[in-house]
Amino acid sequence: MVLGGARSGKSSHAESLTIAHPSPWAYIATAQACDEEMRERIALHRSRRGEGWVTVDAPLDLVGAIEALPDHQSVLIDCLTLWLTNHMLAEHDVEAECRQLADVLSRPRGPWFVVSNEVGLGIVPDNALARRFRDAAGRLNQQVAAVADNVLMMVAGLPLKVK
């Protein structure tokens with residue numbers, strides 16, 4: 001698991017960890033290109049990845065995307081907080097979705113790398129939705145960190161080993 005704040009280097013570091021394993025590598029993307037700025041972010045991420053990557057878009061059905069992968073597949077999931085946002089905005093049962101995801105991640109069939117944002121280090125948000133998101137993201141990160149073999153926290157592009 002690779003955690004960090006915005007622009008901490010978490011995605012590029014997770015990519016480097018993934019490509020240390022034999023290709024092909026699966027990149028499970030949870031982002032949705034709802035506006036031009038997000039389309040540009042997605043294009044930037046895609047441009048960093050060369051040959052050997054297979055992209056699977058899973059803005060909501062992350063569990064299904066993971067379960068559909070072949071055994072021994074190297075996988076990068078980027079990112080959990082966008083996936084969580086998608087479920088919250090769709091008004092799904094977030095707690096149930098998170099439990100299912102933590103369960104499937106507890107049974108890796110190959111080298112899996114998961115990226116998530118650490119959002120609990122700032123001020124208390126001023127609105128209820130943002131507070132619910134911050135709390136749900138914190139709980140999700142705890143669930144995934146509990147089943148992860150290793151947890152890194154990215155700070156200014158530098159990985160700090162947490163677990």
# chains A, B, ... in the order shown; residues from 1 in each chain; ligands from 1
>>> residues_around(residues="Ala156 in chain A", least_positions_apart="6", cutoff="9 Å", atoms="only C-alpha atoms", output="list in words")
Arg7, Ser8 and Gly9 of chain A
>>> write_last_selection(atoms="N, CA and C atoms", output="mmCIF file, in the first residue's frame")
data_model
loop_
_atom_site.group_PDB
_atom_site.id
_atom_site.type_symbol
_atom_site.label_atom_id
_atom_site.label_comp_id
_atom_site.auth_asym_id
_atom_site.auth_seq_id
_atom_site.Cartn_x
_atom_site.Cartn_y
_atom_site.Cartn_z
ATOM 1 N N ARG A 7 0.190 15.070 -4.911
ATOM 2 C CA ARG A 7 1.505 15.321 -5.515
ATOM 3 C C ARG A 7 2.673 14.889 -4.626
ATOM 4 N N SER A 8 2.452 13.836 -3.847
ATOM 5 C CA SER A 8 3.517 13.326 -2.982
ATOM 6 C C SER A 8 4.433 12.351 -3.709
ATOM 7 N N GLY A 9 4.034 11.908 -4.908
ATOM 8 C CA GLY A 9 4.821 10.936 -5.661
ATOM 9 C C GLY A 9 4.331 9.515 -5.488
#
>>> residues_around(residues="Gly52 in chain A", least_positions_apart="4", cutoff="10 Å", atoms="only C-alpha atoms", output="mmCIF file with N, CA, C and O atoms, in the first residue's frame")
data_model
loop_
_atom_site.group_PDB
_atom_site.id
_atom_site.type_symbol
_atom_site.label_atom_id
_atom_site.label_comp_id
_atom_site.auth_asym_id
_atom_site.auth_seq_id
_atom_site.Cartn_x
_atom_site.Cartn_y
_atom_site.Cartn_z
ATOM 1 N N ILE A 19 6.640 -2.305 -11.774
ATOM 2 C CA ILE A 19 7.445 -2.754 -12.922
ATOM 3 C C ILE A 19 8.714 -3.486 -12.508
ATOM 4 O O ILE A 19 9.428 -4.011 -13.366
ATOM 5 N N PRO A 22 7.780 -9.029 -13.312
ATOM 6 C CA PRO A 22 7.630 -9.309 -14.749
ATOM 7 C C PRO A 22 6.317 -8.766 -15.312
ATOM 8 O O PRO A 22 5.294 -8.768 -14.643
ATOM 9 N N SER A 23 6.393 -8.293 -16.558
ATOM 10 C CA SER A 23 5.188 -7.848 -17.255
ATOM 11 C C SER A 23 4.439 -9.089 -17.758
ATOM 12 O O SER A 23 5.008 -10.173 -17.787
ATOM 13 N N PRO A 24 3.196 -8.937 -18.144
ATOM 14 C CA PRO A 24 2.443 -7.690 -18.225
ATOM 15 C C PRO A 24 1.962 -7.236 -16.851
ATOM 16 O O PRO A 24 1.780 -8.041 -15.939
ATOM 17 N N TRP A 25 1.774 -5.927 -16.740
ATOM 18 C CA TRP A 25 1.300 -5.321 -15.503
ATOM 19 C C TRP A 25 -0.109 -4.796 -15.746
ATOM 20 O O TRP A 25 -0.376 -4.189 -16.782
ATOM 21 N N ALA A 26 -0.988 -5.022 -14.785
ATOM 22 C CA ALA A 26 -2.348 -4.486 -14.887
ATOM 23 C C ALA A 26 -2.420 -3.191 -14.092
ATOM 24 O O ALA A 26 -1.924 -3.118 -12.963
#
>>> atom_distance(atom1="CA of Leu80 in chain A", atom2="CA of Glu51 in chain A")
24.2 Å
>>> closest_residue(among="A:Ser47, A:Gln100, A:Gln142, A:Thr30", to="Thr85 in chain A", atoms="only C-alpha atoms")
A:Thr30
>>> closest_residue(among="A:Ser16, A:Leu76, A:Met1, A:Arg48", to="Lys161 in chain A", atoms="only C-alpha atoms")
A:Met1
>>> residues_around(residues="Val147 in chain A", least_positions_apart="6", cutoff="10 Å", atoms="only C-alpha atoms", output="number ranges by chain")
A: 1, 102-108
>>> select_by_dssp(residues="range 11-136 of chain A", states="strand (DSSP E or B)", output="list in words")
Trp25, Ala26, Tyr27, Ile28, Ala29, Trp53, Val54, Thr55, Val56, Asp57, Ser74, Val75, Leu76, Ile77, Asp78, Trp112, Phe113, Val114, Val115, Ser116 and Asn117 of chain A
>>> write_last_selection(atoms="N, CA, C and O atoms", output="PDB file, in the first residue's frame")
ATOM      1  N   TRP A  25       1.774  -5.927 -16.740  1.00  0.00           N
ATOM      2  CA  TRP A  25       1.300  -5.321 -15.503  1.00  0.00           C
ATOM      3  C   TRP A  25      -0.109  -4.796 -15.746  1.00  0.00           C
ATOM      4  O   TRP A  25      -0.376  -4.189 -16.782  1.00  0.00           O
ATOM      5  N   ALA A  26      -0.988  -5.022 -14.785  1.00  0.00           N
ATOM      6  CA  ALA A  26      -2.348  -4.486 -14.887  1.00  0.00           C
ATOM      7  C   ALA A  26      -2.420  -3.191 -14.092  1.00  0.00           C
ATOM      8  O   ALA A  26      -1.924  -3.118 -12.963  1.00  0.00           O
ATOM      9  N   TYR A  27      -2.992  -2.183 -14.702  1.00  0.00           N
ATOM     10  CA  TYR A  27      -3.228  -0.904 -14.041  1.00  0.00           C
ATOM     11  C   TYR A  27      -4.734  -0.765 -13.912  1.00  0.00           C
ATOM     12  O   TYR A  27      -5.438  -0.598 -14.912  1.00  0.00           O
ATOM     13  N   ILE A  28      -5.248  -0.887 -12.703  1.00  0.00           N
ATOM     14  CA  ILE A  28      -6.679  -0.724 -12.490  1.00  0.00           C
ATOM     15  C   ILE A  28      -6.919   0.725 -12.104  1.00  0.00           C
ATOM     16  O   ILE A  28      -6.494   1.183 -11.043  1.00  0.00           O
ATOM     17  N   ALA A  29      -7.584   1.433 -13.007  1.00  0.00           N
ATOM     18  CA  ALA A  29      -7.826   2.863 -12.836  1.00  0.00           C
ATOM     19  C   ALA A  29      -9.231   3.086 -12.292  1.00  0.00           C
ATOM     20  O   ALA A  29     -10.197   2.529 -12.813  1.00  0.00           O
ATOM     21  N   TRP A  53       1.825  -2.558 -20.072  1.00  0.00           N
ATOM     22  CA  TRP A  53       0.710  -2.242 -19.166  1.00  0.00           C
ATOM     23  C   TRP A  53      -0.623  -2.531 -19.847  1.00  0.00           C
ATOM     24  O   TRP A  53      -0.823  -2.202 -21.005  1.00  0.00           O
ATOM     25  N   VAL A  54      -1.528  -3.111 -19.102  1.00  0.00           N
ATOM     26  CA  VAL A  54      -2.911  -3.307 -19.531  1.00  0.00           C
ATOM     27  C   VAL A  54      -3.770  -2.486 -18.572  1.00  0.00           C
ATOM     28  O   VAL A  54      -3.712  -2.693 -17.360  1.00  0.00           O
ATOM     29  N   THR A  55      -4.534  -1.547 -19.112  1.00  0.00           N
ATOM     30  CA  THR A  55      -5.363  -0.690 -18.269  1.00  0.00           C
ATOM     31  C   THR A  55      -6.770  -1.248 -18.173  1.00  0.00           C
ATOM     32  O   THR A  55      -7.386  -1.596 -19.186  1.00  0.00           O
ATOM     33  N   VAL A  56      -7.256  -1.336 -16.946  1.00  0.00           N
ATOM     34  CA  VAL A  56      -8.617  -1.783 -16.670  1.00  0.00           C
ATOM     35  C   VAL A  56      -9.311  -0.633 -15.945  1.00  0.00           C
ATOM     36  O   VAL A  56      -8.861  -0.206 -14.890  1.00  0.00           O
ATOM     37  N   ASP A  57     -10.374  -0.102 -16.546  1.00  0.00           N
ATOM     38  CA  ASP A  57     -11.133   0.965 -15.902  1.00  0.00           C
ATOM     39  C   ASP A  57     -12.156   0.357 -14.957  1.00  0.00           C
ATOM     40  O   ASP A  57     -12.974  -0.470 -15.375  1.00  0.00           O
ATOM     41  N   SER A  74       0.829  -9.002 -11.908  1.00  0.00           N
ATOM     42  CA  SER A  74       1.257  -7.818 -11.153  1.00  0.00           C
ATOM     43  C   SER A  74       0.219  -6.728 -11.383  1.00  0.00           C
ATOM     44  O   SER A  74      -0.156  -6.458 -12.528  1.00  0.00           O
ATOM     45  N   VAL A  75      -0.249  -6.118 -10.297  1.00  0.00           N
ATOM     46  CA  VAL A  75      -1.379  -5.193 -10.371  1.00  0.00           C
ATOM     47  C   VAL A  75      -1.073  -3.909  -9.618  1.00  0.00           C
ATOM     48  O   VAL A  75      -0.548  -3.942  -8.502  1.00  0.00           O
ATOM     49  N   LEU A  76      -1.417  -2.793 -10.240  1.00  0.00           N
ATOM     50  CA  LEU A  76      -1.383  -1.493  -9.571  1.00  0.00           C
ATOM     51  C   LEU A  76      -2.807  -0.952  -9.579  1.00  0.00           C
ATOM     52  O   LEU A  76      -3.418  -0.801 -10.640  1.00  0.00           O
ATOM     53  N   ILE A  77      -3.334  -0.677  -8.400  1.00  0.00           N
ATOM     54  CA  ILE A  77      -4.670  -0.100  -8.247  1.00  0.00           C
ATOM     55  C   ILE A  77      -4.491   1.356  -7.856  1.00  0.00           C
ATOM     56  O   ILE A  77      -3.898   1.669  -6.827  1.00  0.00           O
ATOM     57  N   ASP A  78      -4.998   2.263  -8.687  1.00  0.00           N
ATOM     58  CA  ASP A  78      -4.803   3.699  -8.458  1.00  0.00           C
ATOM     59  C   ASP A  78      -6.095   4.433  -8.768  1.00  0.00           C
ATOM     60  O   ASP A  78      -6.459   4.543  -9.925  1.00  0.00           O
ATOM     61  N   TRP A 112       0.510  -7.190  -5.704  1.00  0.00           N
ATOM     62  CA  TRP A 112      -0.492  -6.144  -5.855  1.00  0.00           C
ATOM     63  C   TRP A 112      -0.018  -4.901  -5.145  1.00  0.00           C
ATOM     64  O   TRP A 112       0.480  -4.960  -4.012  1.00  0.00           O
ATOM     65  N   PHE A 113      -0.218  -3.759  -5.773  1.00  0.00           N
ATOM     66  CA  PHE A 113       0.158  -2.460  -5.215  1.00  0.00           C
ATOM     67  C   PHE A 113      -1.077  -1.564  -5.240  1.00  0.00           C
ATOM     68  O   PHE A 113      -1.765  -1.491  -6.262  1.00  0.00           O
ATOM     69  N   VAL A 114      -1.351  -0.932  -4.124  1.00  0.00           N
ATOM     70  CA  VAL A 114      -2.563  -0.133  -3.970  1.00  0.00           C
ATOM     71  C   VAL A 114      -2.162   1.281  -3.577  1.00  0.00           C
ATOM     72  O   VAL A 114      -1.390   1.477  -2.634  1.00  0.00           O
ATOM     73  N   VAL A 115      -2.696   2.283  -4.280  1.00  0.00           N
ATOM     74  CA  VAL A 115      -2.430   3.692  -3.998  1.00  0.00           C
ATOM     75  C   VAL A 115      -3.665   4.299  -3.345  1.00  0.00           C
ATOM     76  O   VAL A 115      -4.792   4.034  -3.760  1.00  0.00           O
ATOM     77  N   SER A 116      -3.425   5.110  -2.321  1.00  0.00           N
ATOM     78  CA  SER A 116      -4.525   5.816  -1.668  1.00  0.00           C
ATOM     79  C   SER A 116      -4.019   7.140  -1.114  1.00  0.00           C
ATOM     80  O   SER A 116      -2.834   7.278  -0.802  1.00  0.00           O
ATOM     81  N   ASN A 117      -4.921   8.078  -0.996  1.00  0.00           N
ATOM     82  CA  ASN A 117      -4.584   9.378  -0.418  1.00  0.00           C
ATOM     83  C   ASN A 117      -4.739   9.348   1.088  1.00  0.00           C
ATOM     84  O   ASN A 117      -5.704   8.773   1.608  1.00  0.00           O
TER      85      ASN A 117
END
>>> closest_residue(among="A:Thr18, A:Val63, A:Gly4, A:Leu160", to="Val119 in chain A", atoms="only C-alpha atoms")
A:Gly4
>>> residues_around(residues="Pro59 in chain A", least_positions_apart="4", cutoff="8 Å", atoms="only C-alpha atoms", output="ChimeraX atom specification")
/A:29-32,82-83,86
>>> write_last_selection(atoms="N, CA and C atoms", output="PDB file, in the first residue's frame")
ATOM      1  N   ALA A  29      -7.584   1.433 -13.007  1.00  0.00           N
ATOM      2  CA  ALA A  29      -7.826   2.863 -12.836  1.00  0.00           C
ATOM      3  C   ALA A  29      -9.231   3.086 -12.292  1.00  0.00           C
ATOM      4  N   THR A  30      -9.328   3.922 -11.264  1.00  0.00           N
ATOM      5  CA  THR A  30     -10.631   4.201 -10.664  1.00  0.00           C
ATOM      6  C   THR A  30     -11.158   5.585 -11.022  1.00  0.00           C
ATOM      7  N   ALA A  31     -10.355   6.389 -11.704  1.00  0.00           N
ATOM      8  CA  ALA A  31     -10.760   7.758 -12.041  1.00  0.00           C
ATOM      9  C   ALA A  31     -11.809   7.764 -13.142  1.00  0.00           C
ATOM     10  N   GLN A  32     -12.618   8.794 -13.125  1.00  0.00           N
ATOM     11  CA  GLN A  32     -13.588   9.035 -14.185  1.00  0.00           C
ATOM     12  C   GLN A  32     -13.285  10.400 -14.796  1.00  0.00           C
ATOM     13  N   LEU A  82     -10.344   7.814  -5.026  1.00  0.00           N
ATOM     14  CA  LEU A  82     -11.235   8.120  -6.151  1.00  0.00           C
ATOM     15  C   LEU A  82     -12.356   7.091  -6.231  1.00  0.00           C
ATOM     16  N   TRP A  83     -12.022   5.838  -6.013  1.00  0.00           N
ATOM     17  CA  TRP A  83     -13.028   4.776  -5.989  1.00  0.00           C
ATOM     18  C   TRP A  83     -14.056   5.047  -4.896  1.00  0.00           C
ATOM     19  N   ASN A  86     -16.370   7.831  -5.922  1.00  0.00           N
ATOM     20  CA  ASN A  86     -17.360   7.367  -6.889  1.00  0.00           C
ATOM     21  C   ASN A  86     -18.536   6.684  -6.187  1.00  0.00           C
TER      22      ASN A  86
END
>>> residues_around(residues="Gly122 in chain A", least_positions_apart="6", cutoff="12 Å", atoms="only C-alpha atoms", output="list in words")
Gly5, Ala6, Ala130, Arg131 and Arg134 of chain A
>>> write_last_selection(atoms="all heavy atoms", output="compact mmCIF listing (two decimals), in the first residue's frame")
# COMPACT_ATOMS: atom_id res chain seq x y z
N GLY A 5 -0.16 12.34 0.32
CA GLY A 5 -1.00 13.48 -0.02
C GLY A 5 -0.93 13.76 -1.51
O GLY A 5 -0.27 13.06 -2.27
N ALA A 6 -1.61 14.84 -1.90
CA ALA A 6 -1.60 15.25 -3.30
C ALA A 6 -0.18 15.59 -3.75
O ALA A 6 0.56 16.24 -3.03
CB ALA A 6 -2.51 16.47 -3.49
N ALA A 130 -17.72 16.41 3.08
CA ALA A 130 -16.27 16.32 3.16
C ALA A 130 -15.83 15.60 4.44
O ALA A 130 -14.87 14.83 4.42
CB ALA A 130 -15.65 17.70 3.09
N ARG A 131 -16.54 15.82 5.54
CA ARG A 131 -16.20 15.11 6.78
C ARG A 131 -16.50 13.63 6.65
O ARG A 131 -15.72 12.79 7.10
CB ARG A 131 -16.94 15.73 7.97
CG ARG A 131 -16.38 17.07 8.40
CD ARG A 131 -16.98 17.56 9.71
NE ARG A 131 -18.42 17.76 9.64
CZ ARG A 131 -19.01 18.88 9.22
NH1 ARG A 131 -18.27 19.92 8.83
NH2 ARG A 131 -20.33 18.97 9.20
N ARG A 134 -13.69 12.18 4.51
CA ARG A 134 -12.44 12.06 5.26
C ARG A 134 -12.49 10.87 6.21
O ARG A 134 -11.56 10.08 6.30
CB ARG A 134 -12.18 13.35 6.04
CG ARG A 134 -10.89 13.29 6.86
CD ARG A 134 -10.93 14.06 8.15
NE ARG A 134 -12.13 13.80 8.91
CZ ARG A 134 -12.62 14.63 9.81
NH1 ARG A 134 -12.03 15.77 10.06
NH2 ARG A 134 -13.71 14.33 10.48
>>> select_by_dssp(residues="range 14-153 of chain A", states="alpha helix (DSSP H)", output="VMD selection string")
chain A and resid 14 to 18 36 to 48 62 to 67 80 to 89 94 to 105 128 to 147
>>> closest_residue(among="A:Asp135, A:Gln143, A:Ala68, A:Glu118", to="Arg99 in chain A", atoms="only C-alpha atoms")
A:Gln143
>>> residues_around(residues="range 88-95 of chain A", least_positions_apart="6", cutoff="10 Å", atoms="only C-alpha atoms", output="list of chain:residue names")
A:Leu60, A:Leu82, A:Leu101, A:Leu129, A:Arg132, A:Phe133, A:Ala136, A:Arg139, A:Leu140
>>> write_last_selection(atoms="N, CA, C and O atoms", output="PDB file, in the first residue's frame")
ATOM      1  N   LEU A  60     -16.165   1.838 -10.295  1.00  0.00           N
ATOM      2  CA  LEU A  60     -17.053   1.331  -9.245  1.00  0.00           C
ATOM      3  C   LEU A  60     -16.793  -0.136  -8.912  1.00  0.00           C
ATOM      4  O   LEU A  60     -16.695  -0.500  -7.746  1.00  0.00           O
ATOM      5  N   LEU A  82     -10.344   7.814  -5.026  1.00  0.00           N
ATOM      6  CA  LEU A  82     -11.235   8.120  -6.151  1.00  0.00           C
ATOM      7  C   LEU A  82     -12.356   7.091  -6.231  1.00  0.00           C
ATOM      8  O   LEU A  82     -13.527   7.433  -6.470  1.00  0.00           O
ATOM      9  N   LEU A 101     -13.924  -4.901  -0.589  1.00  0.00           N
ATOM     10  CA  LEU A 101     -12.613  -4.622  -1.175  1.00  0.00           C
ATOM     11  C   LEU A 101     -11.494  -5.118  -0.263  1.00  0.00           C
ATOM     12  O   LEU A 101     -10.552  -5.775  -0.730  1.00  0.00           O
ATOM     13  N   LEU A 129     -20.425  16.473   3.893  1.00  0.00           N
ATOM     14  CA  LEU A 129     -19.969  15.508   2.890  1.00  0.00           C
ATOM     15  C   LEU A 129     -18.457  15.325   2.970  1.00  0.00           C
ATOM     16  O   LEU A 129     -17.955  14.195   2.952  1.00  0.00           O
ATOM     17  N   ARG A 132     -17.625  13.279   6.022  1.00  0.00           N
ATOM     18  CA  ARG A 132     -17.952  11.859   5.808  1.00  0.00           C
ATOM     19  C   ARG A 132     -16.891  11.202   4.932  1.00  0.00           C
ATOM     20  O   ARG A 132     -16.472  10.072   5.183  1.00  0.00           O
ATOM     21  N   PHE A 133     -16.464  11.923   3.877  1.00  0.00           N
ATOM     22  CA  PHE A 133     -15.424  11.393   2.996  1.00  0.00           C
ATOM     23  C   PHE A 133     -14.123  11.172   3.760  1.00  0.00           C
ATOM     24  O   PHE A 133     -13.519  10.108   3.670  1.00  0.00           O
ATOM     25  N   ALA A 136     -14.529   8.182   6.037  1.00  0.00           N
ATOM     26  CA  ALA A 136     -14.614   6.924   5.282  1.00  0.00           C
ATOM     27  C   ALA A 136     -13.256   6.566   4.679  1.00  0.00           C
ATOM     28  O   ALA A 136     -12.857   5.400   4.681  1.00  0.00           O
ATOM     29  N   ARG A 139     -11.048   5.169   7.432  1.00  0.00           N
ATOM     30  CA  ARG A 139     -11.413   3.785   7.782  1.00  0.00           C
ATOM     31  C   ARG A 139     -10.977   2.815   6.679  1.00  0.00           C
ATOM     32  O   ARG A 139     -10.457   1.735   6.957  1.00  0.00           O
ATOM     33  N   LEU A 140     -11.187   3.204   5.407  1.00  0.00           N
ATOM     34  CA  LEU A 140     -10.767   2.349   4.288  1.00  0.00           C
ATOM     35  C   LEU A 140      -9.258   2.137   4.306  1.00  0.00           C
ATOM     36  O   LEU A 140      -8.776   1.008   4.165  1.00  0.00           O
TER      37      LEU A 140
END
>>> closest_residue(among="A:Gly120, A:Pro159, A:Gly138, A:Pro70", to="His13 in chain A", atoms="only C-alpha atoms")
A:Pro159
>>> closest_residue(among="A:Asp61, A:Met38, A:Leu3, A:Ser12", to="Val151 in chain A", atoms="only C-alpha atoms")
A:Leu3
>>> atom_distance(atom1="CA of Val2 in chain A", atom2="CA of Ala14 in chain A")
6.6 Å
